[in-house]
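Visitor: For reference, the structure I am asking about is given below.
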Amino acid sequence: MGSSASRPPTVQVEGLSKSFGSLEVLSNVDLSINSGDALVVIGPSGSGKSTLCRTIIGLEKFSHGRIWLDGQPFAECVDGKHVQFGADYRRRRLAMGMVFQHFTLFPQLTVRKNVELGPAKVLGLAEQLVRERAEVVLERVGLADKMDAFPAHLSGGQKQRAAIARELAMDRRLIFFDEVTSALDPELVHEVLQVMRELAETGMTMMVVTHEMGFARNVANRVIFIDQGVVVEAGPPAELFGNPRHERTKTFLRHILT
Amino acid sequence: MRHQDEDGRLDRPAIVEVPEGLAQRMRARGPQILVGLAILVALWLIWMVLTSIAGGSSAPSYRWDFGMVGRYMPVLLEGLVMTLQLTVVSISLGLTLGIVVALARLSSLRIVRGPTIIFIEIMRGTPALVQLVWVYYALPIVTGIQLPVFSAVVLAFTLNLGAFYGEAFRAGIQAVPREQVETADVLGLGYVQRMRYVVVPQATRIVLPVLISLSISLFKDTSLVSTLGVADLMYNGRTVSTATYRPLEILTLVGAIYFMVAFPVTLLMRRVEVHFGRHQTPTR
């Protein structure tokens with residue numbers, strides 16, 4: 001759990017703030033994601049959990065702060081000037097992946113082709129290698145028999161697992177999961193969480209926004225509680241759930257865990 | 001499994017079985033096929049009745065003659081070939097232009113977006129006939145180049161279709177869920193790749209019925225070129241009907257020929273709507 005002191009964190013965030021006009025969505029967030037971390041982010045709706053993930057991965061700009069990737073500057077905004085570092089910004093960014101809550105797979109492609117698209121067109125791998133890779137990752141998430149099906153014929157849980165496979169095929173070193181089970185029927189949630197758990201156990205670095213407290217308790221090595229754009233509290237799950245220090249954390253946990 | 005999307009729309013009635021296999025599908029299409037056949041049979045019956053009545057029309061000097069018509073079929077069919085050529089070329093070029101127009105319309109650069117909007121509004125706000133005539137007669141004065149009439153009408157139709165298809169594609173592109181574009185971006189796909197592999201394929205499927213409908217309209221509007229002397233189905237029909245003094249038989253036949261091409265495509269459109277609708281279903 002965690003990394004050795006000599007290795008820089010995969011992602012380092014410092015003083016990250018984001019405003020939509022007068023509304024401050026993220027407020028001075030400091031965060032380290034170390035290699036092998038399974039970070040779970042919890043908090044009320046609109047607290048900025050998703051925005052935090054989307055900002056780090058570059059889907060949204062921010063108003064202030066700095067982000068480092070593998071110890072090197074990745075993006076920053078100082079005095080209102082937003083900068084993305086390096087001509088290879090997009091290439092470095094490929095180390096990070098994201099699975100969304102809805103509409104993750106491309107509906108006009110089979111599951112196999114969904115997974116193959118990135119390695120083929122972005123990573124530029126040879127056709128045979130792309131094919132093999134797709135088969136391996138789909139096997140790993142338990143969808144070997146659905147490779148040539150279209151997303152419309154898959155259940156919600158199968159679609160999310162396929163989306164995870166697609167990220168695995170891209171050799172991601174960090175995967176964001178943005179409430180990936182929140183839109184699923186309850187009986188389909190387990191199969192997806194199971195895949196995520198196995199991923200965490202094999203050492204994949206992940207940041208998971210979720211309401212699944214069981215997952216947070218059992219799989220996370222660190223839990224972060226965000227409320228109104230501020231990191232209120234962070235720590236190992238046993239500590240945060242068992243002995244929360246802040247009043248807001250206690251209130252939130254009381255509501256969630258009843 | 002029947003699916004409901006977020007607005008509660010069902011892609012199909014919840015209880016009806018999905019037809020599989022050709023026989024079942026034809027049976028499911030039964031009502032439309034019957035209607036189509038009924039119309040054709042009715043037209044034919046009317047035709048036979050009228051042509052068998054000697055001197056039974058309101059103009060006593062007009063004699064119906066079905067056999068005569070047969071001799072001019074080849075000429076009409078030649079005209080049909082020209083009509084189809086105009087249609088196919090205009091649609092192909094129009095679709096290409098349409099995608100460009102849609103992307104330009106959605107551009108973040110005002111210098112691209114502005115002229116595109118002006119172009120679209122002009123094409124939508126003026127009659128097709130006026131556009132045809134203008135391109136053939138007025139454009140040469142401006143550019144100094146006189147286009148042969150086939151090229152001129154194809155150009156006019158292409159511009160016209162480009163605007164209409166463009167608006168359809170734009171609506172389709174905007175209807176593609178945001179997460180799809182974001183996923184493509186996170187996957188590392190650049191703008192062109194995103195459009196090509198993710199957005200445009202989905203947008204096209206969403207607006208395919210509209211595209212087909214516009215194409216059918218174009219097919220019918222090609223009849224306007226007859227006013228410029230292009231030897232299409234309508235032009236040949238008028239020429240023959242004048243030469244034979246039989247406007248009713250000939251022009252009715254011309255109408256029937258247009259109908260027999262357009263109507264099956266209309267049926268196809270409904271089928272396409274259902275088929276591609278399946279891919280759009282977001283499942284929980």
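We label chains A, B, ... in the order they appear in the structure tokens, count residues from 1 in each chain, and number ligands from 1 in the order shown.
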Using only C-alpha atoms and a distance of at most 10 Å, pull out the residues of chain A that contact chain B, as a CSV table (one decimal) with N, CA and C atoms, in the first residue's frame.

Guide:
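New file part15.csv:
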chain,number,residue,atom,x,y,z
A,54,ARG,N,-12.4,15.2,-13.2
A,54,ARG,CA,-12.4,15.8,-14.5
A,54,ARG,C,-11.4,16.8,-14.7
A,57,ILE,N,-7.8,15.1,-15.1
A,57,ILE,CA,-7.6,14.4,-16.4
A,57,ILE,C,-7.7,15.4,-17.5
A,58,GLY,N,-8.0,16.6,-17.3
A,58,GLY,CA,-8.0,17.6,-18.3
A,58,GLY,C,-9.3,17.8,-19.1
A,59,LEU,N,-10.4,17.3,-18.6
A,59,LEU,CA,-11.7,17.5,-19.3
A,59,LEU,C,-12.2,18.9,-18.9
A,90,ARG,N,-0.7,15.7,-24.4
A,90,ARG,CA,-1.7,14.7,-24.7
A,90,ARG,C,-1.2,13.3,-24.6
A,91,ARG,N,0.1,13.1,-24.9
A,91,ARG,CA,0.7,11.8,-24.8
A,91,ARG,C,0.8,11.3,-23.4
A,93,ARG,N,-0.9,12.4,-21.0
A,93,ARG,CA,-2.3,12.3,-20.4
A,93,ARG,C,-2.8,10.9,-20.6
A,94,LEU,N,-2.3,10.2,-21.7
A,94,LEU,CA,-2.8,8.8,-21.9
A,94,LEU,C,-2.5,7.9,-20.8
A,95,ALA,N,-1.7,8.3,-19.8
A,95,ALA,CA,-1.4,7.4,-18.7
A,95,ALA,C,-2.7,7.4,-17.8
A,96,MET,N,-3.6,8.3,-18.0
A,96,MET,CA,-4.8,8.4,-17.2
A,96,MET,C,-6.0,8.0,-18.0
A,97,GLY,N,-6.9,7.3,-17.3
A,97,GLY,CA,-8.1,6.9,-18.0
A,97,GLY,C,-9.3,7.2,-17.1
A,98,MET,N,-10.5,7.1,-17.7
A,98,MET,CA,-11.7,7.5,-16.9
A,98,MET,C,-12.9,6.7,-17.4
A,99,VAL,N,-13.7,6.2,-16.4
A,99,VAL,CA,-14.9,5.5,-16.8
A,99,VAL,C,-16.0,6.3,-16.2
A,100,PHE,N,-17.0,6.6,-17.1
A,100,PHE,CA,-18.1,7.5,-16.7
A,100,PHE,C,-19.3,6.7,-16.2
A,101,GLN,N,-20.3,7.5,-15.8
A,101,GLN,CA,-21.5,6.9,-15.2
A,101,GLN,C,-22.5,6.4,-16.3
A,102,HIS,N,-22.6,7.2,-17.4
A,102,HIS,CA,-23.5,6.9,-18.5
A,102,HIS,C,-22.8,6.8,-19.8
A,103,PHE,N,-23.4,6.2,-20.8
A,103,PHE,CA,-23.0,6.3,-22.2
A,103,PHE,C,-21.5,6.1,-22.4
A,104,THR,N,-21.0,5.1,-21.8
A,104,THR,CA,-19.5,4.9,-21.9
A,104,THR,C,-19.1,4.3,-23.2
A,105,LEU,N,-19.8,3.3,-23.6
A,105,LEU,CA,-19.4,2.6,-24.8
A,105,LEU,C,-19.9,3.3,-26.1
A,106,PHE,N,-19.2,3.1,-27.2
A,106,PHE,CA,-19.7,3.6,-28.5
A,106,PHE,C,-20.7,2.7,-29.1
A,107,PRO,N,-22.0,3.1,-29.2
A,107,PRO,CA,-23.0,2.1,-29.5
A,107,PRO,C,-23.0,1.5,-30.9
A,108,GLN,N,-22.3,2.2,-31.8
A,108,GLN,CA,-22.3,1.7,-33.2
A,108,GLN,C,-21.2,0.6,-33.4
A,109,LEU,N,-20.3,0.4,-32.4
A,109,LEU,CA,-19.2,-0.6,-32.5
A,109,LEU,C,-19.5,-1.7,-31.6
A,117,LEU,N,-10.4,0.2,-30.5
A,117,LEU,CA,-10.3,1.5,-31.1
A,117,LEU,C,-9.0,2.3,-30.6
A,118,GLY,N,-8.9,2.4,-29.3
A,118,GLY,CA,-7.8,3.2,-28.7
A,118,GLY,C,-6.5,2.6,-29.1
A,119,PRO,N,-6.2,1.4,-28.8
A,119,PRO,CA,-4.9,0.8,-29.1
A,119,PRO,C,-4.6,0.9,-30.6
A,121,LYS,N,-5.9,3.1,-33.0
A,121,LYS,CA,-5.9,4.5,-33.6
A,121,LYS,C,-5.0,5.4,-32.8
A,122,VAL,N,-4.9,5.2,-31.5
A,122,VAL,CA,-4.2,6.2,-30.7
A,122,VAL,C,-2.8,5.7,-30.4
A,123,LEU,N,-2.7,4.4,-29.9
A,123,LEU,CA,-1.4,3.9,-29.6
A,123,LEU,C,-0.7,3.4,-30.9
A,150,PHE,N,-23.1,-6.0,-29.6
A,150,PHE,CA,-23.2,-4.6,-29.6
A,150,PHE,C,-23.7,-4.1,-28.2
A,151,PRO,N,-23.2,-3.0,-27.8
A,151,PRO,CA,-23.6,-2.5,-26.5
A,151,PRO,C,-25.1,-2.5,-26.1
A,152,ALA,N,-25.9,-2.3,-27.1
A,152,ALA,CA,-27.3,-2.3,-26.8
A,152,ALA,C,-27.8,-3.6,-26.3
A,153,HIS,N,-27.1,-4.7,-26.6
A,153,HIS,CA,-27.5,-6.0,-26.1
A,153,HIS,C,-26.8,-6.4,-24.8
A,154,LEU,N,-26.1,-5.5,-24.2
A,154,LEU,CA,-25.5,-5.8,-22.9
A,154,LEU,C,-26.2,-5.2,-21.8
A,155,SER,N,-26.1,-5.8,-20.6
A,155,SER,CA,-26.7,-5.2,-19.4
A,155,SER,C,-25.8,-4.0,-19.0
A,156,GLY,N,-26.4,-3.2,-18.1
A,156,GLY,CA,-25.6,-2.0,-17.6
A,156,GLY,C,-24.3,-2.5,-17.0
A,157,GLY,N,-24.3,-3.5,-16.2
A,157,GLY,CA,-23.1,-4.0,-15.6
A,157,GLY,C,-22.1,-4.5,-16.6
A,159,LYS,N,-21.8,-3.4,-19.6
A,159,LYS,CA,-21.3,-2.3,-20.4
A,159,LYS,C,-20.2,-1.6,-19.6
A,163,ALA,N,-16.3,-1.0,-20.5
A,163,ALA,CA,-15.6,0.3,-20.5
A,163,ALA,C,-14.4,0.2,-19.6
A,166,ARG,N,-11.8,-1.4,-21.7
A,166,ARG,CA,-11.3,-0.5,-22.7
A,166,ARG,C,-10.1,0.3,-22.1
A,167,GLU,N,-10.3,0.7,-20.9
A,167,GLU,CA,-9.2,1.5,-20.2
A,167,GLU,C,-8.0,0.6,-20.0
A,170,MET,N,-5.6,0.3,-22.8
A,170,MET,CA,-4.8,1.5,-23.1
A,170,MET,C,-3.6,1.6,-22.1
A,183,ALA,N,-25.8,4.4,-11.7
A,183,ALA,CA,-27.0,4.3,-12.6
A,183,ALA,C,-27.4,2.9,-12.8
A,184,LEU,N,-26.8,2.0,-12.1
A,184,LEU,CA,-27.0,0.6,-12.4
A,184,LEU,C,-28.1,0.0,-11.5
A,185,ASP,N,-28.9,-1.0,-12.0
A,185,ASP,CA,-29.8,-1.7,-11.1
A,185,ASP,C,-28.9,-2.4,-10.0
A,188,LEU,N,-26.8,-5.5,-10.4
A,188,LEU,CA,-25.7,-5.4,-11.4
A,188,LEU,C,-24.4,-4.7,-10.8

Visitor: For region 244-257 of chain A, work out the shell of residues within 10 Å, counting only C-alpha atoms and skipping chain neighbours fewer than 5 positions away, then give it as a list of chain:residue names.

Guide: A:Ile42, A:Gly43, A:Pro44, A:His211, A:Glu212, A:Met213, A:Phe225, A:Ile226, A:Asp227, A:Val232, A:Glu233, A:Ala234, A:Gly235, A:Pro237, A:Ala238, A:Glu239

Visitor: Could you name the residues that touch Gly48 (chain A) at 7 Å or less, counting only C-alpha atoms, but leaving out those on the same chain fewer than 4 positions away, as a ChimeraX atom specification?

Guide: /A:25-26,52,228-229

Visitor: What are the nearest atom pairs, with distances in Å to one decimal, for all residues of region 76-182 of chain B that come at most 10 Å from region 256-260 of chain B, using only C-alpha atoms, set out by chain and rising residue number as a tab-separated table?

Guide:
residue	atom	partner	partner_atom	distance
B:Leu76	CA	B:Ile257	CA	9.0
B:Leu77	CA	B:Ile257	CA	9.0
B:Leu80	CA	B:Ile257	CA	8.2
B:Thr83	CA	B:Tyr258	CA	9.6

Visitor: Which residues, written as a list of chain:residue names, have at least one atom at most 7 Å from Ser63 (chain A), with only C-alpha atoms counted and residues fewer than 5 positions away on the same chain left out?

Guide: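 Within the cut-off, the hits are A:Ser17, A:Lys18, A:Ser19, A:Cys77, A:Gly80.
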
Visitor: Just write the chosen residues, C-alpha atoms, as a PDB file, in the first residue's frame.

Guide:
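The resulting part-v9.pdb:
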ATOM      1  CA  SER A  17      -9.449  25.802  -7.304  1.00  0.00           C
ATOM      2  CA  LYS A  18     -12.209  26.062  -9.848  1.00  0.00           C
ATOM      3  CA  SER A  19     -15.035  28.531 -10.117  1.00  0.00           C
ATOM      4  CA  CYS A  77      -3.253  28.081 -13.721  1.00  0.00           C
ATOM      5  CA  GLY A  80      -5.711  33.454 -14.589  1.00  0.00           C
TER       6      GLY A  80
END

Visitor: Run DSSP on the backbone and grab whatever in region 134-242 of chain B lands in alpha helix (DSSP H); send it over as a ChimeraX atom specification.

Guide: /B:139-143,149-175,178-186,191-194,200-221,233-242

Visitor: Write the selection just made, keeping C-alpha atoms, as a CSV table (one decimal), in the first residue's frame?

Guide:
chain,number,residue,atom,x,y,z
B,139,LEU,CA,-23.7,33.2,-61.6
B,140,PRO,CA,-21.8,33.3,-65.0
B,141,ILE,CA,-22.2,37.1,-65.0
B,142,VAL,CA,-20.5,37.3,-61.6
B,143,THR,CA,-17.8,34.7,-62.2
B,149,VAL,CA,-26.5,23.1,-67.6
B,150,PHE,CA,-26.1,19.7,-66.0
B,151,SER,CA,-23.2,21.0,-63.8
B,152,ALA,CA,-25.1,24.1,-63.0
B,153,VAL,CA,-28.1,22.3,-61.7
B,154,VAL,CA,-26.0,19.8,-59.8
B,155,LEU,CA,-24.1,22.7,-58.2
B,156,ALA,CA,-27.4,24.5,-57.2
B,157,PHE,CA,-28.8,21.3,-55.8
B,158,THR,CA,-25.6,20.5,-54.0
B,159,LEU,CA,-25.6,23.9,-52.3
B,160,ASN,CA,-29.2,23.6,-51.4
B,161,LEU,CA,-28.9,20.1,-50.0
B,162,GLY,CA,-25.7,21.0,-48.3
B,163,ALA,CA,-27.6,23.5,-46.2
B,164,PHE,CA,-30.5,21.2,-45.3
B,165,TYR,CA,-28.3,18.1,-44.7
B,166,GLY,CA,-26.0,20.4,-42.8
B,167,GLU,CA,-28.7,21.4,-40.3
B,168,ALA,CA,-29.7,17.8,-39.9
B,169,PHE,CA,-26.2,16.7,-39.2
B,170,ARG,CA,-25.8,19.6,-36.8
B,171,ALA,CA,-28.8,18.4,-34.8
B,172,GLY,CA,-27.5,14.9,-34.9
B,173,ILE,CA,-24.0,16.0,-33.7
B,174,GLN,CA,-25.5,18.0,-30.9
B,175,ALA,CA,-27.6,15.0,-29.9
B,178,ARG,CA,-21.4,14.6,-24.1
B,179,GLU,CA,-19.9,11.6,-22.4
B,180,GLN,CA,-19.3,10.0,-25.8
B,181,VAL,CA,-17.1,13.0,-26.8
B,182,GLU,CA,-15.4,13.0,-23.5
B,183,THR,CA,-14.6,9.3,-23.6
B,184,ALA,CA,-13.2,9.7,-27.0
B,185,ASP,CA,-11.1,12.6,-25.8
B,186,VAL,CA,-9.8,10.7,-22.8
B,191,TYR,CA,-10.8,16.2,-33.1
B,192,VAL,CA,-10.9,14.6,-36.6
B,193,GLN,CA,-10.7,11.1,-35.2
B,194,ARG,CA,-13.4,11.8,-32.7
B,200,VAL,CA,-20.5,11.5,-37.1
B,201,PRO,CA,-21.5,7.8,-37.2
B,202,GLN,CA,-23.8,8.3,-34.3
B,203,ALA,CA,-25.1,11.6,-35.5
B,204,THR,CA,-25.9,10.1,-38.9
B,205,ARG,CA,-27.8,7.2,-37.4
B,206,ILE,CA,-29.8,9.7,-35.3
B,207,VAL,CA,-30.9,11.8,-38.2
B,208,LEU,CA,-31.0,9.2,-41.0
B,209,PRO,CA,-34.8,9.4,-41.4
B,210,VAL,CA,-34.5,13.2,-42.0
B,211,LEU,CA,-31.7,12.6,-44.5
B,212,ILE,CA,-33.8,10.1,-46.4
B,213,SER,CA,-36.7,12.4,-46.3
B,214,LEU,CA,-34.6,15.3,-47.7
B,215,SER,CA,-33.3,13.0,-50.4
B,216,ILE,CA,-36.8,12.0,-51.5
B,217,SER,CA,-37.7,15.7,-51.7
B,218,LEU,CA,-34.6,16.3,-53.9
B,219,PHE,CA,-35.6,13.4,-56.2
B,220,LYS,CA,-38.9,15.1,-56.7
B,221,ASP,CA,-37.4,18.6,-57.0
B,233,LEU,CA,-38.3,12.6,-66.9
B,234,MET,CA,-40.5,15.7,-66.6
B,235,TYR,CA,-39.0,17.4,-69.6
B,236,ASN,CA,-39.4,14.3,-71.8
B,237,GLY,CA,-42.9,13.8,-70.4
B,238,ARG,CA,-43.9,17.3,-71.5
B,239,THR,CA,-42.3,17.0,-74.8
B,240,VAL,CA,-44.0,13.7,-75.6
B,241,SER,CA,-47.3,14.8,-74.3
B,242,THR,CA,-47.2,17.9,-76.5

Visitor: Pick out the residues sitting within 12 Å of Val112 (chain B), and hand them over as a list of chain:residue names; count only C-alpha atoms, and ignore anything fewer than 6 positions along from it in its own chain.

Guide: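 Neighbouring residues, sequence-local ones excluded: B:Val100, B:Val101, B:Ala102, B:Leu103, B:Ala104, B:Arg105, B:Leu106, B:Ile118, B:Phe119.
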
Visitor: Quick one: everything within 10 Å of Thr10 (chain A), counting only C-alpha atoms, minus sequence neighbours fewer than 5 positions away in the same chain. Send it as a PyMOL selection string.

Guide: chain A and resi 3+32-37+68-72+95-96+173-174+205

Visitor: Check the smallest atom-to-atom distance from each of A:Leu143, A:Met207, A:Gly214, A:Leu168 to Val189 (chain A) using only C-alpha atoms, then report the winner.

Guide: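 Ranking A:Leu143, A:Met207, A:Gly214, A:Leu168 by distance to Val189 (chain A), first place goes to A:Gly214.
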